[in-house]
Amino acid sequence: MIPNNALSTSSVYAAFFVPNRIDDLIDYEWGGIDLYDSSQGLQAKLWTCFYESGVIKAKADQVIHDLITVADVTALSFAFDLNMRPVVTYVVNDEVFLWWYDTSIGQQVATSFGNNLITPQLSLDERRSEFSANADVIFAYIKAEQLCIRLQRDRYQIEYELGSGQVLIQIGMMKNNRFGFATKIINGFDLFLDQMYVDARNKVLRFDYLDLCPLQSSYSVQFGNSVIKAEGLNEYALRTQFENIENVVSIAFNLKEKDFDYFMSFFRVWQHKRKPFYIDLVLDQRPRTQYLAHFVHDSVSMTKSGAVFKVSAQLFILNNDLDKSAIKTIAESRNVRA
């Protein structure tokens, strides 16, 4: 449950527990071992919802279930409630539908919410059993440039406005155990041309990867960590808040005209999408490694020297999963006393 049905006063960036959405007809959600079976909790398997041959389906591993047969679906999203009952929102001819279990009649129903909603999304806001009393399937969407939600506990009958928004990309629990809403803002650039330029360079990777390598001698890192200091001096002054906190990386590129055009197109697409992307860097380990990144707003600048465009920027970089046993082995091998 979102406290007071309101957004936090400041944005907090973290990765979602599920993969990033890049297709309106594919969604992801963690759930139990099978539909209607929550005996092993709601983090047993990663489920995928997709549209195929006129049927909305859900699958995990080799198990596939047909959920709804409906023609001309152009977008979908799904979630599971605490009993592993599926909830699906889908769009047909710009009309938004919600397929959900109505406890008042004891069966699944499809409810139309009309054609004045865009980018509907679904997610359960809490999967940990100890917090199940406050868990809700959240139905979120944009209506008249407002981010709105409806809750399972209200049987989706009450609409709450959270704030301004133009397009909703994805919602769900993030790796800092907060519930997040990823939105994008439409600006005055020609997104179609920018996107085509990026797609031509990235090919199958599309927007998800920045195909440029910064100068290795020209970037610096402010490492984030999960240790915070409590007030006062005491034995437990330092404690852990959460893992996967972001690092701030300052990078520089020396680009010729073609690469500069690509970079600026990529940056403008990011302004539209407001979605994280991957970049190759050398940070906490020697080999060049792929990291999930966001631009720090207002951090991109450029100076031109002859035919070279000198671009600098700052990125939020999320920590990758680390091999803790390997780290421990390296540290202990160095610290052994004779």
# chains A, B, ... in the order shown; residues from 1 in each chain; ligands from 1
>>> select_by_dssp(residues="segment 21-207 of chain A", states="strand (DSSP E or B)", output="MDAnalysis selection string")
chainID A and resid 26:31 34 37 45:52 55:60 63:69 73:80 86:92 95:102 107:112 118:124 137:143 146:151 160:164 167:174 179:184
>>> residues_around(residues="Gln43 of chain A", least_positions_apart="5", cutoff="10 Å", atoms="only C-alpha atoms", output="list of chain:residue names")
A:Glu29, A:Trp30, A:Gly31, A:Gly32, A:Ile33, A:Ser38, A:Arg127, A:Arg128
>>> write_last_selection(atoms="N, CA and C atoms", output="PDB file, in the first residue's frame")
ATOM      1  N   GLU A  29       6.332 -10.136 -14.162  1.00  0.00           N
ATOM      2  CA  GLU A  29       5.950 -10.039 -12.761  1.00  0.00           C
ATOM      3  C   GLU A  29       6.434 -11.280 -12.013  1.00  0.00           C
ATOM      4  N   TRP A  30       6.963 -11.068 -10.796  1.00  0.00           N
ATOM      5  CA  TRP A  30       7.296 -12.203  -9.948  1.00  0.00           C
ATOM      6  C   TRP A  30       6.017 -12.771  -9.343  1.00  0.00           C
ATOM      7  N   GLY A  31       5.993 -14.104  -9.194  1.00  0.00           N
ATOM      8  CA  GLY A  31       4.805 -14.740  -8.646  1.00  0.00           C
ATOM      9  C   GLY A  31       5.112 -16.109  -8.069  1.00  0.00           C
ATOM     10  N   GLY A  32       4.058 -16.867  -7.795  1.00  0.00           N
ATOM     11  CA  GLY A  32       4.189 -18.191  -7.200  1.00  0.00           C
ATOM     12  C   GLY A  32       4.537 -19.258  -8.215  1.00  0.00           C
ATOM     13  N   ILE A  33       4.471 -20.499  -7.785  1.00  0.00           N
ATOM     14  CA  ILE A  33       4.888 -21.608  -8.644  1.00  0.00           C
ATOM     15  C   ILE A  33       3.882 -21.894  -9.748  1.00  0.00           C
ATOM     16  N   SER A  38      -0.056 -20.007  -4.185  1.00  0.00           N
ATOM     17  CA  SER A  38       0.910 -19.125  -3.530  1.00  0.00           C
ATOM     18  C   SER A  38       1.609 -19.823  -2.366  1.00  0.00           C
ATOM     19  N   ARG A 127       5.234  -8.144  -2.015  1.00  0.00           N
ATOM     20  CA  ARG A 127       5.207  -9.607  -2.119  1.00  0.00           C
ATOM     21  C   ARG A 127       5.703 -10.305  -0.863  1.00  0.00           C
ATOM     22  N   ARG A 128       6.337  -9.578   0.038  1.00  0.00           N
ATOM     23  CA  ARG A 128       6.859 -10.191   1.255  1.00  0.00           C
ATOM     24  C   ARG A 128       5.708 -10.530   2.201  1.00  0.00           C
TER      25      ARG A 128
END
>>> residues_around(residues="Gln62 of chain A", least_positions_apart="2", cutoff="12 Å", atoms="only C-alpha atoms", output="ChimeraX atom specification")
/A:33-34,45-48,58-60,64-65
>>> residues_around(residues="Asp66 of chain A", least_positions_apart="5", cutoff="8 Å", atoms="only C-alpha atoms", output="PyMOL selection string")
chain A and resi 55-58
>>> closest_residue(among="A:Thr89, A:Asp125, A:Ala44, A:Val109", to="Asp61 of chain A", atoms="only C-alpha atoms")
A:Ala44
>>> residues_around(residues="segment 307-315 of chain A", least_positions_apart="4", cutoff="6 Å", atoms="only C-alpha atoms", output="count of residues only")
17
>>> select_by_dssp(residues="segment 62-213 of chain A", states="helix (DSSP H, G or I)", output="JSON, numbers by chain")
{"A": [129, 130, 131, 132, 133, 134, 152, 153, 154, 191, 192, 193, 194, 195, 196, 197, 198, 199, 200, 201, 202, 203, 204, 205, 206, 207, 208]}
>>> write_last_selection(atoms="N, CA and C atoms", output="compact mmCIF listing (two decimals), in the first residue's frame")
# COMPACT_ATOMS: atom_id res chain seq x y z
N SER A 129 5.71 -11.77 2.69
CA SER A 129 4.57 -12.28 3.46
C SER A 129 4.32 -11.47 4.73
N GLU A 130 5.39 -10.94 5.34
CA GLU A 130 5.21 -10.22 6.60
C GLU A 130 4.48 -8.89 6.41
N PHE A 131 4.39 -8.41 5.15
CA PHE A 131 3.68 -7.16 4.88
C PHE A 131 2.41 -7.38 4.07
N SER A 132 1.92 -8.61 4.01
CA SER A 132 0.79 -8.94 3.15
C SER A 132 -0.50 -8.22 3.55
N ALA A 133 -0.63 -7.85 4.82
CA ALA A 133 -1.86 -7.18 5.26
C ALA A 133 -2.06 -5.85 4.55
N ASN A 134 -0.98 -5.23 4.09
CA ASN A 134 -1.07 -3.93 3.44
C ASN A 134 -0.86 -4.01 1.93
N GLN A 152 -6.82 -2.51 -5.47
CA GLN A 152 -7.60 -3.74 -5.34
C GLN A 152 -8.53 -3.68 -4.13
N ARG A 153 -8.05 -3.12 -3.00
CA ARG A 153 -8.87 -3.11 -1.78
C ARG A 153 -10.15 -2.28 -1.96
N ASP A 154 -10.14 -1.35 -2.94
CA ASP A 154 -11.34 -0.56 -3.26
C ASP A 154 -12.14 -1.19 -4.39
N LEU A 191 10.86 13.08 -32.02
CA LEU A 191 11.21 11.78 -31.46
C LEU A 191 11.34 10.72 -32.54
N PHE A 192 10.49 10.78 -33.57
CA PHE A 192 10.51 9.75 -34.61
C PHE A 192 11.87 9.71 -35.29
N LEU A 193 12.40 10.87 -35.67
CA LEU A 193 13.69 10.91 -36.35
C LEU A 193 14.81 10.51 -35.41
N ASP A 194 14.77 11.00 -34.16
CA ASP A 194 15.79 10.61 -33.19
C ASP A 194 15.80 9.11 -32.97
N GLN A 195 14.61 8.52 -32.82
CA GLN A 195 14.51 7.09 -32.57
C GLN A 195 15.04 6.29 -33.75
N MET A 196 14.73 6.73 -34.96
CA MET A 196 15.22 6.02 -36.14
C MET A 196 16.74 6.07 -36.22
N TYR A 197 17.33 7.20 -35.85
CA TYR A 197 18.79 7.34 -35.87
C TYR A 197 19.43 6.39 -34.87
N VAL A 198 18.83 6.33 -33.67
CA VAL A 198 19.37 5.43 -32.63
C VAL A 198 19.18 3.97 -33.03
N ASP A 199 17.99 3.62 -33.53
CA ASP A 199 17.72 2.23 -33.91
C ASP A 199 18.68 1.76 -35.00
N ALA A 200 19.01 2.64 -35.95
CA ALA A 200 19.91 2.26 -37.04
C ALA A 200 21.30 1.93 -36.50
N ARG A 201 21.73 2.61 -35.46
CA ARG A 201 23.06 2.37 -34.87
C ARG A 201 23.03 1.16 -33.94
N ASN A 202 21.97 1.05 -33.15
CA ASN A 202 21.91 -0.01 -32.13
C ASN A 202 21.35 -1.32 -32.64
N LYS A 203 20.69 -1.28 -33.79
CA LYS A 203 20.12 -2.48 -34.40
C LYS A 203 19.19 -3.18 -33.41
N VAL A 204 19.43 -4.45 -33.09
CA VAL A 204 18.49 -5.19 -32.24
C VAL A 204 18.47 -4.68 -30.81
N LEU A 205 19.53 -3.95 -30.39
CA LEU A 205 19.58 -3.47 -29.01
C LEU A 205 18.69 -2.25 -28.81
N ARG A 206 18.28 -1.58 -29.88
CA ARG A 206 17.41 -0.41 -29.83
C ARG A 206 17.93 0.61 -28.82
N PHE A 207 17.03 1.23 -28.06
CA PHE A 207 17.45 2.29 -27.16
C PHE A 207 18.22 1.78 -25.95
N ASP A 208 18.16 0.52 -25.65
CA ASP A 208 18.62 0.01 -24.37
C ASP A 208 20.13 0.09 -24.15
>>> residues_around(residues="Tyr291 of chain A", least_positions_apart="4", cutoff="8 Å", atoms="only C-alpha atoms", output="PyMOL selection string")
chain A and resi 278-281+317-320
>>> write_last_selection(atoms="C-alpha atoms", output="tab-separated table (two decimals), in the first residue's frame")
chain	number	residue	atom	x	y	z
A	278	TYR	CA	23.15	0.09	-20.52
A	279	ILE	CA	26.71	1.37	-21.01
A	280	ASP	CA	30.12	-0.34	-20.90
A	281	LEU	CA	32.48	1.00	-18.21
A	317	ILE	CA	25.09	3.90	-12.41
A	318	LEU	CA	23.53	1.02	-10.48
A	319	ASN	CA	25.81	-1.55	-8.91
A	320	ASN	CA	25.79	-4.93	-10.61
>>> atom_distance(atom1="atom CA of Gly163 of chain A", atom2="atom CA of Ala15 of chain A")
21.5 Å
>>> atom_distance(atom1="atom CA of Lys175 of chain A", atom2="atom CA of Ala14 of chain A")
6.1 Å
>>> closest_residue(among="A:Ile169, A:Ala71, A:Leu42, A:Cys49", to="Thr119 of chain A", atoms="only C-alpha atoms")
A:Ile169
>>> residues_around(residues="Tyr141 of chain A", least_positions_apart="3", cutoff="8 Å", atoms="only C-alpha atoms", output="PDB file with N, CA and C atoms, in the first residue's frame")
ATOM      1  N   LEU A 117      -8.079   7.047 -20.912  1.00  0.00           N
ATOM      2  CA  LEU A 117      -6.889   6.658 -20.157  1.00  0.00           C
ATOM      3  C   LEU A 117      -5.805   6.220 -21.137  1.00  0.00           C
ATOM      4  N   ILE A 118      -4.537   6.429 -20.760  1.00  0.00           N
ATOM      5  CA  ILE A 118      -3.443   5.935 -21.594  1.00  0.00           C
ATOM      6  C   ILE A 118      -2.420   5.216 -20.722  1.00  0.00           C
ATOM      7  N   THR A 119      -1.634   4.381 -21.358  1.00  0.00           N
ATOM      8  CA  THR A 119      -0.514   3.617 -20.767  1.00  0.00           C
ATOM      9  C   THR A 119      -0.876   2.965 -19.433  1.00  0.00           C
ATOM     10  N   PRO A 120      -1.910   2.132 -19.379  1.00  0.00           N
ATOM     11  CA  PRO A 120      -2.257   1.466 -18.119  1.00  0.00           C
ATOM     12  C   PRO A 120      -1.208   0.432 -17.720  1.00  0.00           C
ATOM     13  N   GLN A 121      -0.959   0.317 -16.406  1.00  0.00           N
ATOM     14  CA  GLN A 121       0.041  -0.615 -15.877  1.00  0.00           C
ATOM     15  C   GLN A 121      -0.498  -1.242 -14.603  1.00  0.00           C
ATOM     16  N   LEU A 147      -1.068  11.395 -13.285  1.00  0.00           N
ATOM     17  CA  LEU A 147      -0.799  10.010 -12.911  1.00  0.00           C
ATOM     18  C   LEU A 147      -1.832   9.593 -11.875  1.00  0.00           C
ATOM     19  N   CYS A 148      -2.602   8.556 -12.189  1.00  0.00           N
ATOM     20  CA  CYS A 148      -3.697   8.117 -11.320  1.00  0.00           C
ATOM     21  C   CYS A 148      -3.532   6.644 -10.979  1.00  0.00           C
ATOM     22  N   ILE A 149      -4.084   6.246  -9.843  1.00  0.00           N
ATOM     23  CA  ILE A 149      -4.090   4.834  -9.459  1.00  0.00           C
ATOM     24  C   ILE A 149      -5.460   4.442  -8.928  1.00  0.00           C
ATOM     25  N   LEU A 168       3.162   6.788 -18.923  1.00  0.00           N
ATOM     26  CA  LEU A 168       3.633   5.863 -17.897  1.00  0.00           C
ATOM     27  C   LEU A 168       4.313   4.689 -18.581  1.00  0.00           C
TER      28      LEU A 168
END
>>> closest_atom_pairs(of="segment 107-199 of chain A", to="segment 93-96 of chain A", cutoff="7 Å", atoms="only C-alpha atoms", output="CSV")
residue,atom,partner,partner_atom,distance
A:Ser112,CA,A:Val96,CA,6.0
A:Phe113,CA,A:Val96,CA,5.4
A:Gly114,CA,A:Glu95,CA,5.1
A:Asn115,CA,A:Glu95,CA,4.2
A:Leu117,CA,A:Val96,CA,6.8
